[in-house]
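Peer 1: This is the content of model_28.cif (mmCIF, C-alpha atoms):
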```
data_model
#
loop_
_atom_site.label_atom_id
_atom_site.label_comp_id
_atom_site.auth_asym_id
_atom_site.auth_seq_id
_atom_site.Cartn_x
_atom_site.Cartn_y
_atom_site.Cartn_z
CA GLY A 7 136.47 157.85 272.25
CA ASP A 8 138.19 160.01 269.67
CA SER A 9 136.06 162.43 267.70
CA VAL A 10 136.37 165.32 265.28
CA THR A 11 133.99 168.24 264.99
CA GLN A 12 134.19 170.17 261.79
CA MET A 13 132.55 173.37 260.61
CA GLU A 14 129.41 172.64 258.67
CA GLY A 15 129.11 173.79 255.14
CA PRO A 16 128.51 174.37 252.45
CA VAL A 17 130.90 177.25 252.06
CA THR A 18 130.74 179.38 248.94
CA LEU A 19 133.48 181.87 248.19
CA SER A 20 134.67 184.08 245.40
CA GLU A 21 138.07 183.51 243.85
CA GLU A 22 140.95 185.04 245.84
CA ALA A 23 138.90 185.10 249.04
CA PHE A 24 140.25 183.86 252.39
CA LEU A 25 139.13 180.41 253.47
CA THR A 26 138.91 179.06 257.01
CA ILE A 27 137.43 175.73 257.98
CA ASN A 28 137.26 175.13 261.71
CA CYS A 29 138.12 171.76 263.19
CA THR A 30 138.27 170.74 266.83
CA TYR A 31 138.96 167.33 268.27
CA THR A 32 138.62 165.16 271.32
CA ALA A 33 141.23 162.50 271.88
CA THR A 34 143.18 160.74 274.55
CA GLY A 35 146.92 160.88 274.34
CA TYR A 36 148.66 162.71 271.54
CA PRO A 37 146.92 162.23 268.22
CA SER A 38 148.18 163.04 264.77
CA LEU A 39 145.95 165.40 262.81
CA PHE A 40 145.19 165.46 259.10
CA TRP A 41 143.28 167.33 256.47
CA TYR A 42 142.09 165.36 253.47
CA VAL A 43 140.52 166.72 250.30
CA GLN A 44 138.00 164.92 248.10
CA TYR A 45 137.31 166.13 244.59
CA PRO A 46 134.01 165.14 242.95
CA GLY A 47 133.79 161.44 242.22
CA GLU A 48 137.20 160.67 243.66
CA GLY A 49 138.77 159.18 246.75
CA LEU A 50 140.54 161.17 249.44
CA GLN A 51 143.92 162.81 249.09
CA LEU A 52 146.06 163.82 252.01
CA LEU A 53 146.35 167.60 251.98
CA LEU A 54 148.49 168.17 255.05
CA LYS A 55 149.25 166.79 258.47
CA ALA A 56 150.70 167.66 261.86
CA THR A 57 151.95 165.14 264.36
CA LYS A 58 152.59 167.16 267.52
CA ALA A 59 151.52 170.32 269.27
CA ASP A 60 152.46 173.60 267.55
CA ASP A 61 153.37 171.81 264.32
CA LYS A 62 152.15 173.58 261.21
CA GLY A 63 151.19 171.49 258.22
CA SER A 64 151.18 173.19 254.82
CA ASN A 65 150.61 172.26 251.20
CA LYS A 66 149.34 173.98 248.06
CA GLY A 67 148.84 177.25 249.95
CA PHE A 68 146.80 175.60 252.70
CA GLU A 69 147.96 175.70 256.31
CA ALA A 70 146.81 174.29 259.62
CA THR A 71 148.43 174.52 263.05
CA TYR A 72 148.08 171.85 265.72
CA ARG A 73 146.82 173.73 268.80
CA LYS A 74 146.79 171.49 271.82
CA GLU A 75 145.55 174.17 274.18
CA THR A 76 142.41 174.71 272.13
CA THR A 77 142.31 171.17 270.66
CA SER A 78 141.98 172.67 267.21
CA PHE A 79 143.41 172.21 263.73
CA HIS A 80 141.76 174.88 261.60
CA LEU A 81 142.45 174.88 257.87
CA GLU A 82 143.25 178.19 256.15
CA LYS A 83 144.11 179.43 252.71
CA GLY A 84 144.76 183.05 251.92
CA SER A 85 143.55 183.16 248.32
CA VAL A 86 141.36 180.38 246.98
CA GLN A 87 140.99 179.35 243.38
CA VAL A 88 138.14 177.68 241.51
CA SER A 89 140.22 174.48 241.51
CA ASP A 90 140.03 174.40 245.32
CA SER A 91 136.35 173.51 245.10
CA ALA A 92 136.09 170.18 246.91
CA VAL A 93 135.05 168.53 250.15
CA TYR A 94 137.54 168.89 252.99
CA PHE A 95 137.77 166.40 255.85
CA CYS A 96 139.54 166.90 259.13
CA ALA A 97 140.76 163.65 260.68
CA LEU A 98 142.79 162.34 263.57
CA ARG A 99 144.65 159.18 264.35
CA GLY A 100 145.01 158.49 268.04
CA GLY A 101 148.19 157.33 269.66
CA ASN A 102 146.69 154.02 270.66
CA ASP A 103 144.53 153.35 267.65
CA TYR A 104 145.11 152.61 264.04
CA LYS A 105 141.76 154.01 262.97
CA LEU A 106 141.19 157.41 261.45
CA SER A 107 138.34 159.42 262.89
CA PHE A 108 136.82 161.81 260.36
CA GLY A 109 134.87 164.98 260.68
CA ALA A 110 131.65 165.33 258.73
CA GLY A 111 133.33 167.10 255.82
CA THR A 112 132.92 170.66 254.55
CA THR A 113 131.93 171.33 250.97
CA VAL A 114 133.71 174.34 249.54
CA THR A 115 132.66 175.96 246.29
CA VAL A 116 134.77 178.72 244.79
CA ARG A 117 133.16 180.89 242.13
CA ALA A 118 135.09 182.72 239.46
CA GLY B 4 154.66 158.37 246.80
CA ALA B 5 152.39 155.62 247.96
CA VAL B 6 149.63 154.75 245.52
CA VAL B 7 146.51 152.68 246.05
CA SER B 8 144.65 151.48 242.98
CA GLN B 9 140.96 150.69 243.36
CA HIS B 10 138.87 148.97 240.69
CA PRO B 11 136.35 149.26 239.25
CA SER B 12 135.64 152.97 239.55
CA ARG B 13 132.01 152.45 238.66
CA VAL B 14 129.84 149.37 238.53
CA ILE B 15 126.17 148.80 237.91
CA CYS B 16 124.75 145.43 238.84
CA LYS B 17 121.40 143.76 239.06
CA SER B 18 119.75 143.16 242.39
CA GLY B 19 120.71 139.77 243.79
CA THR B 20 124.10 139.54 242.13
CA SER B 21 127.50 139.91 243.78
CA VAL B 22 130.13 142.52 243.06
CA LYS B 23 133.83 142.41 243.85
CA ILE B 24 135.90 145.54 244.41
CA GLU B 25 139.69 145.35 244.41
CA CYS B 26 142.14 147.52 246.26
CA ARG B 27 145.84 147.23 245.46
CA SER B 28 148.84 148.96 246.97
CA LEU B 29 151.13 149.56 244.00
CA ASP B 30 154.47 150.52 245.49
CA PHE B 31 154.33 149.47 249.12
CA GLN B 32 153.27 146.59 251.28
CA ALA B 33 149.99 147.23 253.05
CA THR B 34 149.71 145.24 256.23
CA THR B 35 146.40 146.85 257.02
CA MET B 36 143.63 147.96 254.69
CA PHE B 37 140.42 149.73 255.54
CA TRP B 38 137.10 149.74 253.76
CA TYR B 39 134.78 152.72 254.00
CA ARG B 40 131.34 153.50 252.76
CA GLN B 41 130.30 157.02 251.95
CA PHE B 42 126.73 158.16 251.52
CA PRO B 43 125.96 161.25 249.45
CA LYS B 44 127.19 164.43 251.11
CA GLN B 45 128.27 162.55 254.21
CA SER B 46 131.49 161.56 255.85
CA LEU B 47 133.21 158.21 255.56
CA MET B 48 131.90 155.32 257.59
CA LEU B 49 134.47 152.68 258.44
CA MET B 50 133.08 149.27 257.56
CA ALA B 51 135.96 146.97 258.36
CA THR B 52 139.67 146.61 258.85
CA SER B 53 141.61 143.83 257.19
CA ASN B 54 145.04 142.56 258.05
CA GLU B 55 146.97 140.40 255.65
CA GLY B 56 146.41 136.73 256.31
CA SER B 57 143.76 137.10 258.97
CA LYS B 58 140.04 137.63 259.21
CA ALA B 59 138.70 141.12 258.83
CA THR B 60 137.41 143.06 261.82
CA TYR B 61 134.00 144.53 261.14
CA GLU B 62 132.55 147.63 262.73
CA GLN B 63 129.37 147.36 264.69
CA GLY B 64 126.31 147.11 262.47
CA VAL B 65 128.17 145.94 259.37
CA GLU B 66 127.07 142.52 258.14
CA LYS B 67 130.16 140.39 257.61
CA ASP B 68 128.27 137.86 255.52
CA LYS B 69 127.05 140.64 253.28
CA PHE B 70 130.36 142.41 252.85
CA LEU B 71 133.06 139.80 252.43
CA ILE B 72 136.60 141.05 252.81
CA ASN B 73 139.69 139.14 251.80
CA HIS B 74 143.24 140.34 252.33
CA ALA B 75 145.19 137.49 250.82
CA SER B 76 148.44 139.32 250.16
CA LEU B 77 150.34 142.38 251.30
CA THR B 78 149.24 144.26 248.18
CA LEU B 79 145.65 143.19 247.62
CA SER B 80 142.41 143.38 249.53
CA THR B 81 138.98 142.73 248.05
CA LEU B 82 135.48 143.65 249.15
CA THR B 83 132.65 141.52 247.78
CA VAL B 84 129.12 142.80 248.17
CA THR B 85 127.03 139.64 248.12
CA SER B 86 123.44 139.47 246.95
CA ALA B 87 123.44 143.19 246.37
CA HIS B 88 120.27 145.23 246.82
CA PRO B 89 119.49 148.83 245.91
CA GLU B 90 120.17 149.96 249.48
CA ASP B 91 123.78 148.80 249.01
CA SER B 92 124.25 151.45 246.36
CA SER B 93 126.95 153.74 247.63
CA PHE B 94 130.51 154.98 247.19
CA TYR B 95 133.03 152.52 248.60
CA ILE B 96 136.58 153.63 249.36
CA CYS B 97 139.57 151.62 250.50
CA SER B 98 142.68 152.87 252.21
CA ALA B 99 145.93 151.25 253.13
CA ALA B 100 148.56 151.59 255.80
CA ALA B 101 152.13 150.69 254.99
CA ALA B 102 154.04 148.23 257.08
CA GLY B 103 156.03 149.89 259.82
CA HIS B 104 154.26 153.22 259.66
CA GLY B 105 153.38 154.64 263.02
CA THR B 106 150.61 156.93 264.08
CA ASN B 107 152.06 160.03 262.47
CA TYR B 108 151.26 158.65 259.04
CA GLY B 109 147.98 159.15 257.31
CA TYR B 110 146.70 156.47 255.06
CA THR B 111 146.66 156.31 251.29
CA PHE B 112 143.20 156.14 249.78
CA GLY B 113 141.94 154.54 246.62
CA SER B 114 139.91 156.56 244.17
CA GLY B 115 136.66 154.91 245.20
CA THR B 116 134.02 152.72 243.56
CA ARG B 117 130.54 153.96 242.77
CA LEU B 118 128.22 150.96 243.11
CA THR B 119 124.71 151.21 241.73
CA VAL B 120 122.35 148.28 242.22
CA VAL B 121 119.31 148.27 239.96
#
```
What's the structure tokens form of this structure?

Peer 2:
Amino acid sequence: GDSVTQMEGPVTLSEEAFLTINCTYTATGYPSLFWYVQYPGEGLQLLLKATKADDKGSNKGFEATYRKETTSFHLEKGSVQVSDSAVYFCALRGGNDYKLSFGAGTTVTVRA
Amino acid sequence: GAVVSQHPSRVICKSGTSVKIECRSLDFQATTMFWYRQFPKQSLMLMATSNEGSKATYEQGVEKDKFLINHASLTLSTLTVTSAHPEDSSFYICSAAAAGHGTNYGYTFGSGTRLTVV
């Protein structure tokens, strides 16, 4: 079945540092890929998405590129802020399934 | 954009009582809604999928008599935790899929409900 493997955290960074969170997936067909962000005590918000190979999703300075050859969708941000402290989830939705498969989540803490 | 409203955000109840959590799609019709449970510092565990007007589909290991799901309209789904016990304490999150949206759409999530059973 579909699955997502996500870099384990926690990750602690200083402000303005570069952030990378690795995500790889296993899926049949051509899944859509997503990154969600969860701030403390809240639900999930869609951060960005990519629906086909080589697509790049971007939002709020975050980027991720759908790499079919490496089955990856790594999240990057060039200069993080304290407000980026949150839990980040990589997820996929398979072509034949309505369900979202989530990675384990990566907790990111950015220190001033 | 699509908004899902989930209430209450926090609830404390006594052991043995039932608690109802509501999930409403405010500006779109949600043919399918999902209920998740999240344990501290863990990922989301899908509990069940509900389609408007039909019985919910529960994931393996989820007690359907314990977690009653009703999706009576295209904008409202409810999760009732019956005879709650302390081990039911958790963060419950709903999400909704809009009618006609294909696989390239993510889902819109509610803000979650922190249930504490004492």

Peer 1: Counting all atoms listed in the file, which residues of chain B come no farther than 10 Å from chain A, as a PDB file with C-alpha atoms, in the coordinates of the input?

Peer 2:
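Written output follows (part38.pdb):
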```pdb
ATOM      1  CA  GLN B   9     140.960 150.690 243.360  1.00  0.00           C
ATOM      2  CA  SER B  12     135.640 152.970 239.550  1.00  0.00           C
ATOM      3  CA  ARG B  13     132.010 152.450 238.660  1.00  0.00           C
ATOM      4  CA  THR B  35     146.400 146.850 257.020  1.00  0.00           C
ATOM      5  CA  PHE B  37     140.420 149.730 255.540  1.00  0.00           C
ATOM      6  CA  LYS B  44     127.190 164.430 251.110  1.00  0.00           C
ATOM      7  CA  GLN B  45     128.270 162.550 254.210  1.00  0.00           C
ATOM      8  CA  SER B  46     131.490 161.560 255.850  1.00  0.00           C
ATOM      9  CA  LEU B  47     133.210 158.210 255.560  1.00  0.00           C
ATOM     10  CA  MET B  48     131.900 155.320 257.590  1.00  0.00           C
ATOM     11  CA  LEU B  49     134.470 152.680 258.440  1.00  0.00           C
ATOM     12  CA  THR B  52     139.670 146.610 258.850  1.00  0.00           C
ATOM     13  CA  PHE B  94     130.510 154.980 247.190  1.00  0.00           C
ATOM     14  CA  TYR B  95     133.030 152.520 248.600  1.00  0.00           C
ATOM     15  CA  ILE B  96     136.580 153.630 249.360  1.00  0.00           C
ATOM     16  CA  CYS B  97     139.570 151.620 250.500  1.00  0.00           C
ATOM     17  CA  SER B  98     142.680 152.870 252.210  1.00  0.00           C
ATOM     18  CA  ALA B 100     148.560 151.590 255.800  1.00  0.00           C
ATOM     19  CA  GLY B 105     153.380 154.640 263.020  1.00  0.00           C
ATOM     20  CA  THR B 106     150.610 156.930 264.080  1.00  0.00           C
ATOM     21  CA  ASN B 107     152.060 160.030 262.470  1.00  0.00           C
ATOM     22  CA  TYR B 108     151.260 158.650 259.040  1.00  0.00           C
ATOM     23  CA  GLY B 109     147.980 159.150 257.310  1.00  0.00           C
ATOM     24  CA  TYR B 110     146.700 156.470 255.060  1.00  0.00           C
ATOM     25  CA  THR B 111     146.660 156.310 251.290  1.00  0.00           C
ATOM     26  CA  PHE B 112     143.200 156.140 249.780  1.00  0.00           C
ATOM     27  CA  GLY B 113     141.940 154.540 246.620  1.00  0.00           C
ATOM     28  CA  SER B 114     139.910 156.560 244.170  1.00  0.00           C
ATOM     29  CA  GLY B 115     136.660 154.910 245.200  1.00  0.00           C
ATOM     30  CA  THR B 116     134.020 152.720 243.560  1.00  0.00           C
ATOM     31  CA  ARG B 117     130.540 153.960 242.770  1.00  0.00           C
TER      32      ARG B 117
END
```

Peer 1: As an exercise, work out the distance from atom CA of Ser93 of chain B to atom CA of Val22 of chain B in Å and give it to one decimal place.

Peer 2: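 Rounded to one decimal, the two atoms are 12.5 Å apart.
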
Peer 1: Please write the residues picked by the PyMOL selection byres ((chain A and resi 23-27) around 12) on this file as a PyMOL selection string.

Peer 2: chain A and resi 11-22+28-30+41+67-70+78-88+90-91+93-96+109-118

Peer 1: Would you mind exporting C-alpha atoms of the selected residues as a PDB file, in the coordinates of the input?

Peer 2:
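The result, written out as selection-v7.pdb:
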```
ATOM      1  CA  THR A  11     133.990 168.240 264.990  1.00  0.00           C
ATOM      2  CA  GLN A  12     134.190 170.170 261.790  1.00  0.00           C
ATOM      3  CA  MET A  13     132.550 173.370 260.610  1.00  0.00           C
ATOM      4  CA  GLU A  14     129.410 172.640 258.670  1.00  0.00           C
ATOM      5  CA  GLY A  15     129.110 173.790 255.140  1.00  0.00           C
ATOM      6  CA  PRO A  16     128.510 174.370 252.450  1.00  0.00           C
ATOM      7  CA  VAL A  17     130.900 177.250 252.060  1.00  0.00           C
ATOM      8  CA  THR A  18     130.740 179.380 248.940  1.00  0.00           C
ATOM      9  CA  LEU A  19     133.480 181.870 248.190  1.00  0.00           C
ATOM     10  CA  SER A  20     134.670 184.080 245.400  1.00  0.00           C
ATOM     11  CA  GLU A  21     138.070 183.510 243.850  1.00  0.00           C
ATOM     12  CA  GLU A  22     140.950 185.040 245.840  1.00  0.00           C
ATOM     13  CA  ASN A  28     137.260 175.130 261.710  1.00  0.00           C
ATOM     14  CA  CYS A  29     138.120 171.760 263.190  1.00  0.00           C
ATOM     15  CA  THR A  30     138.270 170.740 266.830  1.00  0.00           C
ATOM     16  CA  TRP A  41     143.280 167.330 256.470  1.00  0.00           C
ATOM     17  CA  GLY A  67     148.840 177.250 249.950  1.00  0.00           C
ATOM     18  CA  PHE A  68     146.800 175.600 252.700  1.00  0.00           C
ATOM     19  CA  GLU A  69     147.960 175.700 256.310  1.00  0.00           C
ATOM     20  CA  ALA A  70     146.810 174.290 259.620  1.00  0.00           C
ATOM     21  CA  SER A  78     141.980 172.670 267.210  1.00  0.00           C
ATOM     22  CA  PHE A  79     143.410 172.210 263.730  1.00  0.00           C
ATOM     23  CA  HIS A  80     141.760 174.880 261.600  1.00  0.00           C
ATOM     24  CA  LEU A  81     142.450 174.880 257.870  1.00  0.00           C
ATOM     25  CA  GLU A  82     143.250 178.190 256.150  1.00  0.00           C
ATOM     26  CA  LYS A  83     144.110 179.430 252.710  1.00  0.00           C
ATOM     27  CA  GLY A  84     144.760 183.050 251.920  1.00  0.00           C
ATOM     28  CA  SER A  85     143.550 183.160 248.320  1.00  0.00           C
ATOM     29  CA  VAL A  86     141.360 180.380 246.980  1.00  0.00           C
ATOM     30  CA  GLN A  87     140.990 179.350 243.380  1.00  0.00           C
ATOM     31  CA  VAL A  88     138.140 177.680 241.510  1.00  0.00           C
ATOM     32  CA  ASP A  90     140.030 174.400 245.320  1.00  0.00           C
ATOM     33  CA  SER A  91     136.350 173.510 245.100  1.00  0.00           C
ATOM     34  CA  VAL A  93     135.050 168.530 250.150  1.00  0.00           C
ATOM     35  CA  TYR A  94     137.540 168.890 252.990  1.00  0.00           C
ATOM     36  CA  PHE A  95     137.770 166.400 255.850  1.00  0.00           C
ATOM     37  CA  CYS A  96     139.540 166.900 259.130  1.00  0.00           C
ATOM     38  CA  GLY A 109     134.870 164.980 260.680  1.00  0.00           C
ATOM     39  CA  ALA A 110     131.650 165.330 258.730  1.00  0.00           C
ATOM     40  CA  GLY A 111     133.330 167.100 255.820  1.00  0.00           C
ATOM     41  CA  THR A 112     132.920 170.660 254.550  1.00  0.00           C
ATOM     42  CA  THR A 113     131.930 171.330 250.970  1.00  0.00           C
ATOM     43  CA  VAL A 114     133.710 174.340 249.540  1.00  0.00           C
ATOM     44  CA  THR A 115     132.660 175.960 246.290  1.00  0.00           C
ATOM     45  CA  VAL A 116     134.770 178.720 244.790  1.00  0.00           C
ATOM     46  CA  ARG A 117     133.160 180.890 242.130  1.00  0.00           C
ATOM     47  CA  ALA A 118     135.090 182.720 239.460  1.00  0.00           C
TER      48      ALA A 118
END
```

Peer 1: Which is closer to Ser57 of chain B than all the others in B:Ser8, B:Thr34, B:Ser92, B:Ser28, using all atoms listed in the file?

Peer 2: B:Thr34

Peer 1: Report, in Å to a single decimal, how far apart atom CA of Arg27 of chain B and atom CA of Arg40 of chain B are.

Peer 2: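 These atoms are spaced 17.4 Å apart.
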
Peer 1: Neighbours of Lys69 of chain B within 7 Å (only C-alpha atoms; same-chain residues fewer than 2 positions away dropped), as a ChimeraX atom specification?

Peer 2: /B:66-67,71,84-85

Peer 1: Print the selection's residues with C-alpha atoms to a file, as a PDB file, in the coordinates of the input.

Peer 2:
```pdb
ATOM      1  CA  GLU B  66     127.070 142.520 258.140  1.00  0.00           C
ATOM      2  CA  LYS B  67     130.160 140.390 257.610  1.00  0.00           C
ATOM      3  CA  LEU B  71     133.060 139.800 252.430  1.00  0.00           C
ATOM      4  CA  VAL B  84     129.120 142.800 248.170  1.00  0.00           C
ATOM      5  CA  THR B  85     127.030 139.640 248.120  1.00  0.00           C
TER       6      THR B  85
END
```

Peer 1: Residues near Gly19 of chain B, anyone? I mean within 8 Å using all atoms listed in the file, not counting same-chain ones fewer than 3 positions away, as a PyMOL selection string.

Peer 2: chain B and resi 85-88

Peer 1: Can you work out the spacing between atom CA of Trp38 of chain B and atom CA of Thr20 of chain B in Å, to one decimal?

Peer 2: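 Between atom CA of Trp38 of chain B and atom CA of Thr20 of chain B the gap works out to 20.2 Å.
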
Peer 1: Neighbourhood query: residues within 6 Å of (125.4, 150.4, 240.4), file coordinates, counting all atoms listed in the file; return as number ranges by chain.

Peer 2: B: 14-16, 118-120

Peer 1: Just want the 10 Å neighbourhood of Glu75 of chain A, counted on all atoms listed in the file, with same-chain residues fewer than 2 positions away dropped. Output as a count of residues only.

Peer 2: 6

Peer 1: Run the PyMOL selection byres ((chain B and resi 54) around 12) on the file and write out the hits as a ChimeraX atom specification.

Peer 2: /A:104 /B:32-38,51-53,55-61,72-81,99-102

Peer 1: Hey, which of B:Ala5, B:Pro43, B:Lys17, B:Met50 ends up closest to Leu29 of chain B? Count only C-alpha atoms.

Peer 2: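 Of B:Ala5, B:Pro43, B:Lys17, B:Met50, the one nearest Leu29 of chain B is B:Ala5, counting only C-alpha atoms.
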